[in-house]
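Below is one structure, written out as structure tokens; comments come after it.
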Amino acid sequence: MNQAEFLRTLTENQHPMLDSIAAILTFLGNEEFYFLIVPIIYWCVQKQAGFRLFYIFLVSVTINAFLKITYAIQRPIGVEGVHSLFISSAEVGSHYPNDSFPSGHAQGSTTLWGYLAYLISRPTFWVFAVCLILLISFSRIYTGLHWPTDVIAGIMIAVFILIVAIRIQHFLSTIPAKAQWSLAILIPLFFVAFFPEEEGAKYAGFLLGAGIGYLIEGQKVNMLISNRTVKKISAYAIGIIGLFALQIGLKFIFPEHIVFDFIRYSCIGLWGLLGAPYMFVKLGIYETNKDIQLMKGNVSV
């Protein structure tokens with residue numbers, strides 16, 4: 001049985017209850033969900049882990065977008081006998097419908113939940129993460145939006161990225177500050193130079209703003225995440241409102257052009273890793289390590 005026949009057979013057996021589950025799984029792999037979930041680690045749990053997750057995830061989706069455009073494989077949407085659901089979730093790339101390989105939902109979810117499972121490092125969470133990744137990935141086949149090879153490739157590429165990232169992350173955190181600044185600037189410029197498409201400009205801008213923001217935040221703000229749940233919720237609410245306000249608002253300010261896409265997403269990255277933490281501290285939601293050190297110094301005197 002070839003892939004087209006497999007999809008025909010599978011989509012012929014779609015059921016309303018399973019369709020509802022697939023809709024939820026589809027959302028869990030959408031850009032909007034990632035915008036909601038990824039900042040939680042940086043703003044509310046642990047900054048270094050949050051930055052690493054953010055950066056690894058952005059590198060992964062950049063590579064995914066590059067491969068989609070490079071291979072330009074047409075999605076199974078419209079193939080005779082294949083019933084596709086939630087087509088709007090696939091109409092997000094600049095080269096739709098020739099952007100099937102590899103699956104962004106499969107690669108993105110594997111990168112996100114795989115790295116979270118690595119951070120949490122508990123067997124129960126590993127089981128949860130693997131099951132969720134497989135369900136999200138399979139939902140793209142069930143909904144007739146991807147070929148099986150798209151999903152398999154997406155998972156494999158994400159696993160490879162995670163292995164490499166986990167092996168080098170400690171080394172990168174120990175290199176001199178000048179080298180970290182160089183990488184924060186050069187890596188996004190490398191991506192935008194070799195991937196001069198709409199997606200490449202957006203993701204490269206995001207990486208540039210985030211990398212610079214993280215380094216400045218560590219030097220000038222040095223936010224200390226509170227242990228109080230109410231403060232974490234307040235910080236997250238302010239941060240996410242600012243994130244979506246910039247994403248939507250800057251579209252009305254900047255004209256539609258790849259250069260302004262780069263600038264717009266650079267601003268979003270700066271807000272997420274520098275602007276939002278600065279606001280949290282200025283509003284008294286979080287303290288800074290400098291405040292704690294000053295308090296300790298006063299006590300000792």
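Chain lettering (A, B, ...) mirrors the order of the structure tokens, residue numbering begins at 1 for each chain separately, and ligand numbering begins at 1 in order of display.
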
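Those residues that approach stretch 38-47 of chain A to within 9 Å, counting only C-alpha atoms, are Phe33, Arg52, Leu53, Phe54, Phe57, Leu112, Tyr214, Met223, Leu224, Ile225, Ser226, Asn227, Thr229, Lys231, Lys232, Ile233, Ala235, Tyr236, Gly239, Ile240, Gly272, Leu273, Ala276 and Pro277 of chain A; same-chain residues fewer than 5 positions away are not listed.
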
With 8 Å as the cut-off and only C-alpha atoms counted, what is the closest atom pair between each nearby residue of stretch 173-227 of chain A and stretch 252-263 of chain A? Distances in Å to one decimal, ordered by chain and number, as CSV.
residue,atom,partner,partner_atom,distance
A:Glu197,CA,A:Ile258,CA,7.3
A:Glu198,CA,A:Ile258,CA,5.7
A:Ala201,CA,A:Phe262,CA,4.8
A:Lys202,CA,A:Phe262,CA,5.1
A:Tyr203,CA,A:Phe262,CA,7.7
A:Ala204,CA,A:Phe262,CA,6.9
A:Gly205,CA,A:Phe262,CA,4.5
A:Phe206,CA,A:Phe262,CA,7.6

Worksheet item: Which residue gives the smallest distance to A:Phe86 among A:Ser139, A:Ser173, A:Thr62, A:Gln48, with only C-alpha atoms counted?
Response: A:Ser139

Determine, for each residue of stretch 47-110 of chain A having at least one atom at most 10 Å from an atom of stretch 1-6 of chain A, the closest pair of atoms and their separation in Å to one decimal, counting only C-alpha atoms; order by chain and ascending number, as JSON lines.
{"residue": "A:Pro76", "atom": "CA", "partner": "A:Ala4", "partner_atom": "CA", "distance": 7.7}
{"residue": "A:Val79", "atom": "CA", "partner": "A:Ala4", "partner_atom": "CA", "distance": 7.9}
{"residue": "A:Glu80", "atom": "CA", "partner": "A:Ala4", "partner_atom": "CA", "distance": 8.9}
{"residue": "A:Gly81", "atom": "CA", "partner": "A:Glu5", "partner_atom": "CA", "distance": 8.5}
{"residue": "A:Val82", "atom": "CA", "partner": "A:Ala4", "partner_atom": "CA", "distance": 7.7}

Those same residues, written as a short mmCIF file (atom, residue, chain, number, x, y, z; two decimals), in the first residue's frame with C-alpha atoms?
data_model
loop_
_atom_site.label_atom_id
_atom_site.label_comp_id
_atom_site.auth_asym_id
_atom_site.auth_seq_id
_atom_site.Cartn_x
_atom_site.Cartn_y
_atom_site.Cartn_z
CA PRO A 76 -1.98 15.46 0.09
CA VAL A 79 -5.60 14.28 -3.74
CA GLU A 80 -8.54 12.20 -4.95
CA GLY A 81 -10.07 10.17 -2.15
CA VAL A 82 -8.15 11.96 0.65
#

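Take the candidates A:Thr111, A:Gly242, A:Ile24, A:Asn64 and check each one against A:Val164 using only C-alpha atoms; the shortest distance goes to A:Thr111.
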
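Closest to A:Leu274 among A:Gly218, A:Gly213, A:Gly93, A:Gly50 is A:Gly213, based on only C-alpha atoms.
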
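Nearest residue to A:Val61 among A:Asp19, A:Asp150, A:Glu217, A:Glu31 is A:Glu31, counting only C-alpha atoms.
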
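Neighbours of A:Leu189 closer than or equal to 10 Å, with only C-alpha atoms counted and sequence neighbours fewer than 3 positions away skipped, come out as Leu183, Ala184, Ile185, Leu186, Val192, Ala193, Phe194, Phe195, Gly200, Ala201, Ala204, Gly205, Leu207 and Leu208 of chain A.
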
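If only C-alpha atoms are the atoms counted, then among A:Thr143, A:Thr9, A:Thr110, A:Ser94 the closest residue to A:Val130 is A:Thr110.
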